[in-house]
Number of protein chains: 2
Amino acid sequence: MPGAVLIIILLSLFGIGVAFFYMKKVMDIPIDLGLEKEESDKLKAIHGAIAEGAMAFLKQEYKVLAIFMIGFAVVIALLIDDHHTENVSEGIYTAAAFLFGALISIVSGYIGMKVATAGNARTTVSARNNIGDAFRVALNSGAVMGFSLVGLASLGLIVIFLVMSAILPENLPNNVLMEIIAGFGLGGSSIALFARVGGGIFTKAADVGADLVGKVEKGIPEDDPRNPAVIADNVGDNVGDVAGMGADLFGSCAESTCAALVISALAFAGDINGMLYPIMITAVGIPISLLTKVLVNVHTEEQVAPALKRLLMISSALMAVAMYFVTAAMIPDTFIINENEYTSMGVYWCFLSGLISGLAVGLLTEYYTSDQYQPVKDIAKSCETGAATNIIFGLALGYKSTVLPYIAIAISIFVSWQLADMYGIAIASLGMLGTLVIALSIDAYGPVADNAGGIAEMVGLDKEVRRRTDILDSAGNTTAAIGKGFAIGAAILTSLALFGAFLAHSQNLMRELPEFGASYVLVNDITLLDPIVFTSLFLGATLPFLFSAMTMKSVGAAAFDMIEEVRRQFREIPGIMEGQGRPQYGQCVAISTKAALREMIAPGVLIMGTPLVVGFLFGVQAVAGILAGSLVTGGVLAIASSNSGGAWDNAKKYIEAGNLGGKGSEEHKAAVVGDTVGDPLKDTSGPSLNILIKLSAILSLVFAPFFVNYGGILLG
Amino acid sequence: MPGAVLIIILLSLFGIGVAFFYMKKVMDIPIDLGLEKEESDKLKAIHGAIAEGAMAFLKQEYKVLAIFMIGFAVVIALLIDDHHTENVSEGIYTAAAFLFGALISIVSGYIGMKVATAGNARTTVSARNNIGDAFRVALNSGAVMGFSLVGLASLGLIVIFLVMSAILPENLPNNVLMEIIAGFGLGGSSIALFARVGGGIFTKAADVGADLVGKVEKGIPEDDPRNPAVIADNVGDNVGDVAGMGADLFGSCAESTCAALVISALAFAGDINGMLYPIMITAVGIPISLLTKVLVNVHTEEQVAPALKRLLMISSALMAVAMYFVTAAMIPDTFIINENEYTSMGVYWCFLSGLISGLAVGLLTEYYTSDQYQPVKDIAKSCETGAATNIIFGLALGYKSTVLPYIAIAISIFVSWQLADMYGIAIASLGMLGTLVIALSIDAYGPVADNAGGIAEMVGLDKEVRRRTDILDSAGNTTAAIGKGFAIGAAILTSLALFGAFLAHSQNLMRELPEFGASYVLVNDITLLDPIVFTSLFLGATLPFLFSAMTMKSVGAAAFDMIEEVRRQFREIPGIMEGQGRPQYGQCVAISTKAALREMIAPGVLIMGTPLVVGFLFGVQAVAGILAGSLVTGGVLAIASSNSGGAWDNAKKYIEAGNLGGKGSEEHKAAVVGDTVGDPLKDTSGPSLNILIKLSAILSLVFAPFFVNYGGILLG
């Protein structure tokens with residue numbers, strides 16, 4: 001077994017071990033640490049309800065997932081057959097890789113959710129001691145997600161690589177082998193569709209339902225246990241930010257790796273080190289992140305927010321150093337892709353450009369959405385002239401905020417492309433994900449801290465506890481904005497790399513066709529001056545808009561169901577407002593779950609159906625146009641949606657903190673309208689666009705043999 | 001003189017004659033027809049204030065325009081020199097064509113504004129007789145704009161064609177000659193920048209200022225003469241919908257023609273009929289439109305709305321028939337572009353595809369924005385749960401509404417491209433503008449009817465008069481939505497044709513370069529797999545968003561100035577609220593003018609500067625990427641903005657008509673927020689995007705010699 005394989009396996013197992021270590025650390029804390037009997041009972045009941053709700057959601061989701069995954073695996077097995085393998089079609093292997101990728105993603109999400117919903121109450125009780133303890137519990141809970149997901153991802157990738165290399169015939173072209181492995185990425189990405197879109201709808205439906213009936217109609221405070229939707233709301237935080245974000249980033253990681261493998265399949269054929277380099281990037285992040293985490297500690301309240309940011313900065317710096325040596329060791333000094341020669345140091349710069357532009361995008365996101373800076377203050381100020389100006393200024397801010405991140409990403413694209421063609425883009429994407437463990441830890445830390453505050457409120461603990469968890473929560477929100485920026489940036493680079501892989505692979509397949517040269521244009525010429533390319537680019541540009549419209553309305557429909565249910569409970573359960581009658585929390589969770597799963601069908605079909613239908617009817621070039629069009633506008637819309645929403649959210653919080661009239665003022669009412677508009681944008685439609693662009697790209701890559709062999713029927 | 005030249009000149013002069021005929025018909029009506037002395041004085045004063053205000057705005061605008069135009073003409077003269085002409089550089093000729101195009105556009109706009117502000121009061125007094133008379137006056141006022149603009153456009157085009165052909169050396173390559181003529185299109189388009197963007201800012205600043213202080217703060221009704229901004233508001237209607245829309249469509253017409261000329265320069269070299277065909281399309285529209293107008297009449301109130309729609313339908317049908325014969329007569333049975341053979345019947349189908357897809361886009365716009373159909377009813381219903389849901393549903397509607405129009409346009413693009421390459425696209429664009437006279441007449445009819453109602457209100461005429469003008473106004477609004485769809489569709493096709501012309505021309509110029517082949521890639525290969533193309537496509541996609549953000553905020557800033565001024569007048573002028581003190585209307589017009597001209601500088605610099613800077617730094621391929629990126633997203637954003645805004649507007653009117661609680665209800669308040677958000681989207685940022693995509697494309701075409709000879713300095 002080559003050294004690189006061993007190192008990756010060991011690092012992956014090490015990551016999983018670290019995850020278990022942190023899990024044990026969290027679990028060892030008694031859930032009712034230092035509480036009186038009555039408080040303890042209350043806390044256990046509430047904590048149990050959230051944990052049960054989260055598991056109930058997952059269970060429902062998994063049922064749907066199982067049916068979908070098996071069904072889609074059959075489609076893969078049937079449609080993909082390129083006759084490179086004997087007896088068994090490639091589709092069968094691809095379907096197996098697909099199911100394996102999906103399984104790994106599900107396991108990662110499950111672990112993350114399990115620990116997040118165990119860590120929340122433990123953070124609450126630790127906050128009674130001091131802020132440092134509480135911070136540690138919340139971050140450790142998040143770290144379980146970070147280390148386990150990344151460990152499982154690199155383990156999964158190396159396993160599928162080894163297994164497929166072993167069982168597939170030796171004379172199989174390397175690029176076909178890698179294409180089969182890409183099924184792994186598709187599996188992970190499909191789970192992300194459910195987790196991101198479904199999760200996004202769940203969380204906002206619960207949020208809106210709880211707020212609108214509880215806060216507005218009944219006048220009870222947030223996180224009040226009398227509100228039947230309060231548990232669903234807390235479950236939603238986990239579903240959206242733990243499971244959703246986790247699956248999204250798992251997908252990016254798996255997909256970028258697959259793209260790199262497909263593109264470099266010919267360049268590094270026979271050079272196992274070169275081939276395994278993309279997986280190694282992910283694996284190296286594990287020890288680096290552990291080192292980073294050990295270096296950063298919190299003792300006072302002021303240290304919380306800087307600590308989170310420092311985690312990102314330190315792990316970025318350490319990765320930059322470590323990868324220099326890894327790259328030099330693994331990538332040959334010079335290598336050939338597409339007849340051009342590239343160097344290992346060029347590859348290192350690709351990695352670095354991704355890492356840096358990821359940081360830049362993250363920090364820009366923070367600039368546009370944090371109330372520390374002018375943009376959000378301007379939005380808050382615009383509330384003085386009412387809700388309409390708040391909306392106009394917020395939309396304008398979102399639109400404007402797309403330019404600088406796009407420039408940062410464009411520089412990374414241009415540099416990487418020059419230095420190592422599309423392989424460079426895939427490496428840049430992995431570079432952006434270089435701090436994945438830390439980014440995930442912080443992302444999952446957010447809902448844990450948020451839930452901890454909710455639990456403190458519901459149990460009726462000392463106000464000091466809630467104040468402390470609020471500090472944790474607010475620090476998490478700021479860093480979560482950075483994480484969102486990363487996620488979008490990574491999605492864009494990943495999609496572009498997949499786009500390149502799709503074209504390279506299609507081209508290779510076309511070259512083998514007997515009739516090639518007669519009826520097929522070499523797909524290297526995806527020229528804008530080709531009618532089919534331009535027309536499909538043009539139409540592809542509308543896809544993100546249509547998809548956003550669908551998910552935004554889905555949230556509305558799901559929230560409507562929830563509102564009805566909460567109203568019904570307030571009406572029918574006797575003594576509920578007096579705290580005597582127990583609300584049926586589970587009922588609300590079930591409603592949100594059902595609505596989320598129902599409402600995600602249409603956007604899901606749109607994402608997965610479009611490339612398949614277009615490829616079948618109009619062929620590879622049309623798919624390329626659709627992908628490029630939706631990639632380009634999808635990224636803009638994702639950033640705009642996410643930043644408008646984040647800015648409205650924080651403008652409202654800025655006013656609530658006592659500025660411009662404070663809570664209850666006319667300004668505040670205007671700000672609340674903005675916040676409500678922004679909710680589905682920033683938590684549902686925006687993040688779901690990441691999935692749109694990535695999933696359609698990897699789907700096209702995996703189905704490239706289908707398009708090449710059977711597609712384009714309408715263009716003859 | 002060839003027959004076609006003569007026919008075009010005669011038809012153009014005929015169009016201008018018809019315009020004068022209708023102008024005389026309008027002017028012959030006594031402005032105070034049948035009014036008592038007191039009413040007559042009041043009406044004359046108000047009418048005079050609007051007319052003066054409009055002229056004051058134009059005067060100010062022309063001052064700025066003159067400076068800008070001369071300055072930019074110098075830039076053109078200096079930067080463009082391709083050494084095809086002796087002694088005098090091509091830049092000088094291009095600058096002359098540029099100034100000529102600008103002049104023609106200015107004259108058209110001036111005539112349109114003059115008649116619109118003369119027709120408004122005459123419509124008011126005619127409405128005292130019956131609806132048929134009032135309809136005729138309003139439509140005749142609009143028709144002056146329609147016929148004069150189209151007549152001047154075709155006359156200007158044929159004149160510049162003849163003059164340049166005559167004075168430029170005979171051995172000048174035909175495509176260089178056409179490129180110089182394209183300066184005409186650039187001139188028209190530059191005026192459109194000022195008229196659309198500046199006009200859009202003016203009209204919304206005045207509208208918001210009048211509403212916010214008058215209606216909301218002071219509680220006085222709309223169009224109340226005590227409101228100092230009321231005249232500015234009425235002026236704004238003309239500035240936006242007459243001058244703005246007119247210049248926009250003049251630009252599209254001139255630009256599409258120029259694009260067709262440049263592309264066909266080599267195909268039809270020596271064949272004067274083939275060359276003049278694009279100009280003939282426009283000229284043929286004149287008699288067809290007159291025939292249409294004579295065929296349609298209105299006697300009862302119910303006939304008003306159908307009449308406007310019938311005008312469009314009949315002129316489309318007549319154009320479809322007439323152009324069959326014109327095409328067969330002028331285009332050779334077969335001809336060669338880019339080494340492919342095309343047919344005259346193919347060209348006819350290009351025309352037809354544009355005509356039909358224009359209608360389709362128009363009708364779809366109506367479907368999404370009229371309260372006759374489900375989408376707007378859904379938006380109105382969403383107001384039941386407050387302003388936030390109204391905004392979310394309205395945004396989603398706008399996003400979703402981009403898909404079908406894009407499909408219609410895409411079909412037209414694909415068909416035309418197949419049938420006649422980029423020449424086909426230019427012809428499709430002219431086909432979409434086939435009903436230009438009628439479309440313009442209806443567009444200009446709108447503000448006349450709107451103003452007529454305002455004047456009736458301010459003079460205090462019988463309520464029946466206002467009711468009748470409201471019927472005219474509301475019918476105009478519906479058809480205006482169709483016109484907006486046309487304008488966007490035409491802008492997209494025009495830009496694409498210009499894009500094609502730019503690439504074709506650049507390629508021709510590059511072929512002549514001594515070092516060609518060594519350092520230049522043939523620009524035929526604008527492949528998505530080229531880093532510089534993809535990166536600039538990627539960045540180009542953000543331009544429309546940045547531009548929208550800028551114009552949206554411009555409206556805010558301009559409205560703010562207006563609000564301050566109106567508040568000041570209410571505070572400082574004694575007796576103003578009692579109707580004793582006379583408000584300083586002119587002051588408000590001046591403020592709105594100043595703010596509009598100031599606020600359009602930044603977006604204007606963005607539009608005109610981006611292609612120049614990008615071309616100079618990164619060369620032709622980068623410009624191509626930027627153009628394609630901003631074209632593709634600009635169209636989506638324009639449609640989304642325009643339809644969201646239109647839907648919010650009509651949802652509010654639907655509620656005001658007594659549905660869902662009616663005026664003053666909570667639903668109505670929520671609807672007002674949506675309407676206010678939509679105002680800058682549908683009247684400023686949305687329509688301005690038409691200019692963004694067209695102007696940057698024609699600018700690139702005109703500056704192609706500069707990019708080819710001196711550009712790309714950063715890429716060596």
# chains A, B, ... in the order shown; residues from 1 in each chain; ligands from 1
$ interface_residues --of "chain B" --to "chain A" --cutoff "6 Å" --atoms "only C-alpha atoms" --output "PyMOL selection string"
chain B and resi 388+392+396+399-400+403+410+414+525-528+531+535+538+542+545-546+549+632+673+676-677
$ write_last_selection --atoms "C-alpha atoms" --output "compact mmCIF listing (two decimals), in the first residue's frame"
# COMPACT_ATOMS: atom_id res chain seq x y z
CA ALA B 388 -43.46 41.10 4.47
CA ILE B 392 -41.74 37.90 -0.60
CA ALA B 396 -40.96 35.44 -6.15
CA TYR B 399 -38.23 35.88 -10.41
CA LYS B 400 -40.61 33.28 -11.75
CA VAL B 403 -38.79 32.05 -17.45
CA ALA B 410 -34.62 32.11 -26.76
CA PHE B 414 -32.23 30.09 -31.88
CA ASP B 525 -13.53 31.24 -30.51
CA ILE B 526 -15.18 33.00 -27.67
CA THR B 527 -15.12 29.72 -25.84
CA LEU B 528 -16.35 29.29 -22.32
CA PRO B 531 -10.06 31.69 -18.65
CA THR B 535 -13.81 35.14 -15.87
CA PHE B 538 -18.59 35.77 -14.57
CA THR B 542 -22.64 41.24 -11.54
CA PHE B 545 -26.89 44.00 -10.10
CA LEU B 546 -24.44 46.76 -9.29
CA ALA B 549 -28.29 48.93 -6.78
CA VAL B 632 -27.76 37.39 -19.84
CA VAL B 673 -45.41 49.07 1.01
CA THR B 676 -43.46 51.80 -2.93
CA VAL B 677 -40.76 49.14 -3.15
$ residues_around --residues "Ile158 of chain A" --least-positions-apart "3" --cutoff "10 Å" --atoms "only C-alpha atoms" --output "CSV table (one decimal) with C-alpha atoms, in the first residue's frame"
chain,number,residue,atom,x,y,z
A,5,VAL,CA,-3.0,5.9,1.0
A,6,LEU,CA,-1.9,4.9,4.5
A,8,ILE,CA,-5.0,9.4,4.4
A,9,ILE,CA,-6.5,6.4,6.1
A,12,SER,CA,-9.2,10.0,8.5
A,152,LEU,CA,-15.7,10.3,7.1
A,153,ALA,CA,-15.4,12.3,3.9
A,154,SER,CA,-11.7,11.5,3.3
A,155,LEU,CA,-12.2,8.0,4.5
A,161,PHE,CA,-11.0,5.0,-4.8
A,162,LEU,CA,-9.3,1.8,-3.6
A,163,VAL,CA,-12.4,-0.4,-3.9
A,164,MET,CA,-13.2,0.7,-7.4
A,276,LEU,CA,-4.5,11.2,-4.2
A,279,ILE,CA,-8.1,13.7,-0.9
A,280,MET,CA,-4.9,14.5,1.0
$ atom_distance --atom1 "atom CA of Gly575 of chain B" --atom2 "atom CA of Ala559 of chain B"
24.7 Å
$ residues_around --residues "Glu341 of chain A" --least-positions-apart "2" --cutoff "12 Å" --atoms "only C-alpha atoms" --output "list in words"
Ala267, Pro332, Asp333, Thr334, Phe335, Ile336, Ile337, Asn338, Glu339, Thr343, Ser344, Gly346, Val347, Gln418, Leu419, Ala420 and Asp421 of chain A
$ write_last_selection --atoms "all heavy atoms" --output "CSV table (one decimal), in the first residue's frame"
chain,number,residue,atom,x,y,z
A,267,ALA,N,-3.7,13.0,-16.6
A,267,ALA,CA,-2.4,13.6,-16.3
A,267,ALA,C,-1.6,12.8,-15.3
A,267,ALA,O,-0.4,12.6,-15.4
A,267,ALA,CB,-2.7,15.0,-15.7
A,332,PRO,N,4.1,15.9,-9.0
A,332,PRO,CA,5.4,16.0,-9.7
A,332,PRO,C,5.8,17.4,-10.1
A,332,PRO,O,4.9,18.2,-10.3
A,332,PRO,CB,5.1,15.2,-11.0
A,332,PRO,CG,3.6,14.7,-10.9
A,332,PRO,CD,3.0,15.2,-9.6
A,333,ASP,N,7.0,17.6,-10.2
A,333,ASP,CA,7.5,19.0,-10.5
A,333,ASP,C,6.8,19.6,-11.7
A,333,ASP,O,6.4,20.8,-11.7
A,333,ASP,CB,9.0,19.0,-10.7
A,333,ASP,CG,9.8,18.8,-9.4
A,333,ASP,OD1,9.1,18.9,-8.3
A,333,ASP,OD2,11.0,18.6,-9.4
A,334,THR,N,6.7,18.8,-12.7
A,334,THR,CA,5.9,19.2,-13.9
A,334,THR,C,5.0,18.1,-14.4
A,334,THR,O,5.3,16.9,-14.2
A,334,THR,CB,6.9,19.6,-15.1
A,334,THR,OG1,7.6,18.4,-15.4
A,334,THR,CG2,7.8,20.7,-14.7
A,335,PHE,N,3.9,18.5,-14.9
A,335,PHE,CA,3.0,17.5,-15.4
A,335,PHE,C,2.2,18.1,-16.6
A,335,PHE,O,2.1,19.3,-16.7
A,335,PHE,CB,2.1,16.9,-14.3
A,335,PHE,CG,1.2,18.0,-13.7
A,335,PHE,CD1,-0.1,18.2,-14.1
A,335,PHE,CD2,1.8,18.8,-12.7
A,335,PHE,CE1,-0.8,19.2,-13.5
A,335,PHE,CE2,1.0,19.8,-12.0
A,335,PHE,CZ,-0.3,20.0,-12.4
A,336,ILE,N,1.5,17.2,-17.3
A,336,ILE,CA,0.8,17.7,-18.6
A,336,ILE,C,-0.7,17.5,-18.4
A,336,ILE,O,-1.2,16.5,-18.0
A,336,ILE,CB,1.3,16.9,-19.8
A,336,ILE,CG1,2.8,16.8,-19.9
A,336,ILE,CG2,0.6,17.4,-21.1
A,336,ILE,CD1,3.5,18.0,-20.4
A,337,ILE,N,-1.4,18.6,-18.6
A,337,ILE,CA,-2.9,18.5,-18.8
A,337,ILE,C,-3.3,19.2,-20.1
A,337,ILE,O,-2.8,20.3,-20.3
A,337,ILE,CB,-3.7,19.1,-17.6
A,337,ILE,CG1,-3.4,18.4,-16.3
A,337,ILE,CG2,-5.2,19.1,-17.9
A,337,ILE,CD1,-4.1,19.0,-15.1
A,338,ASN,N,-4.1,18.5,-20.9
A,338,ASN,CA,-4.5,19.1,-22.2
A,338,ASN,C,-3.3,19.7,-23.0
A,338,ASN,O,-3.4,20.8,-23.5
A,338,ASN,CB,-5.4,20.2,-21.9
A,338,ASN,CG,-6.9,19.8,-21.9
A,338,ASN,OD1,-7.1,18.6,-22.3
A,338,ASN,ND2,-7.7,20.6,-21.3
A,339,GLU,N,-2.2,18.9,-23.0
A,339,GLU,CA,-1.1,19.3,-23.8
A,339,GLU,C,-0.3,20.5,-23.3
A,339,GLU,O,0.6,21.0,-23.9
A,339,GLU,CB,-1.4,19.5,-25.3
A,339,GLU,CG,-2.0,18.3,-25.9
A,339,GLU,CD,-2.7,18.5,-27.2
A,339,GLU,OE1,-2.5,19.6,-27.8
A,339,GLU,OE2,-3.4,17.6,-27.7
A,343,THR,N,3.2,23.1,-13.2
A,343,THR,CA,4.2,22.8,-12.2
A,343,THR,C,3.5,22.6,-10.8
A,343,THR,O,2.4,23.0,-10.6
A,343,THR,CB,5.2,23.9,-12.0
A,343,THR,OG1,4.6,25.0,-11.4
A,343,THR,CG2,5.8,24.3,-13.3
A,344,SER,N,4.3,21.9,-10.0
A,344,SER,CA,3.7,21.6,-8.6
A,344,SER,C,3.5,22.9,-7.8
A,344,SER,O,2.6,23.1,-7.1
A,344,SER,CB,4.6,20.6,-7.9
A,344,SER,OG,5.8,21.2,-7.6
A,346,GLY,N,2.8,25.7,-9.1
A,346,GLY,CA,1.6,26.3,-9.6
A,346,GLY,C,0.4,25.8,-8.9
A,346,GLY,O,-0.6,26.5,-8.5
A,347,VAL,N,0.4,24.5,-8.7
A,347,VAL,CA,-0.8,23.8,-8.0
A,347,VAL,C,-0.9,24.4,-6.6
A,347,VAL,O,-2.0,24.6,-6.1
A,347,VAL,CB,-0.6,22.3,-8.0
A,347,VAL,CG1,-1.6,21.6,-7.1
A,347,VAL,CG2,-0.7,21.7,-9.4
A,418,GLN,N,-5.0,29.6,-15.1
A,418,GLN,CA,-3.7,29.8,-15.8
A,418,GLN,C,-2.6,28.8,-15.3
A,418,GLN,O,-1.8,28.3,-16.1
A,418,GLN,CB,-3.2,31.2,-15.6
A,418,GLN,CG,-4.1,32.3,-16.2
A,418,GLN,CD,-3.9,32.4,-17.7
A,418,GLN,OE1,-3.3,31.6,-18.3
A,418,GLN,NE2,-4.6,33.4,-18.3
A,419,LEU,N,-2.7,28.5,-14.0
A,419,LEU,CA,-1.6,27.7,-13.4
A,419,LEU,C,-1.8,26.2,-13.5
A,419,LEU,O,-0.8,25.5,-13.5
A,419,LEU,CB,-1.5,28.1,-11.9
A,419,LEU,CG,-0.9,29.5,-11.7
A,419,LEU,CD1,-0.9,29.8,-10.2
A,419,LEU,CD2,0.5,29.7,-12.2
A,420,ALA,N,-3.0,25.8,-13.7
A,420,ALA,CA,-3.2,24.3,-13.8
A,420,ALA,C,-4.6,24.0,-14.4
A,420,ALA,O,-5.2,23.0,-14.0
A,420,ALA,CB,-3.1,23.7,-12.4
A,421,ASP,N,-5.0,24.8,-15.4
A,421,ASP,CA,-6.3,24.5,-16.1
A,421,ASP,C,-7.4,24.2,-15.1
A,421,ASP,O,-7.4,24.7,-14.0
A,421,ASP,CB,-6.0,23.3,-17.0
A,421,ASP,CG,-6.9,23.3,-18.2
A,421,ASP,OD1,-8.1,22.8,-18.1
A,421,ASP,OD2,-6.5,23.8,-19.3
$ closest_residue --among "B:Lys652, B:Arg128, B:Arg136, B:Lys309" --to "Arg468 of chain B" --atoms "only C-alpha atoms"
B:Arg128
$ residues_around --residues "Glu656 of chain A" --least-positions-apart "4" --cutoff "12 Å" --atoms "only C-alpha atoms" --output "list in words"
Asp371, Ala380, Asp649, Asn650, Ala651, Lys652, Leu660, Gly661, Gly662, Lys663, Gly664, Ser665, Glu666, Glu667, His668, Lys669, Ala670, Ala671 and Val672 of chain A
$ residues_around --residues "Val176 of chain A" --least-positions-apart "5" --cutoff "10 Å" --atoms "only C-alpha atoms" --output "MDAnalysis selection string"
chainID A and resid 82 84:85 90 181:182 262 265 505 508:509 705
$ residues_around --residues "Thr435 of chain A" --least-positions-apart "5" --cutoff "7 Å" --atoms "only C-alpha atoms" --output "list in words"
Gly285, Leu312, Ser315 and Ser316 of chain A
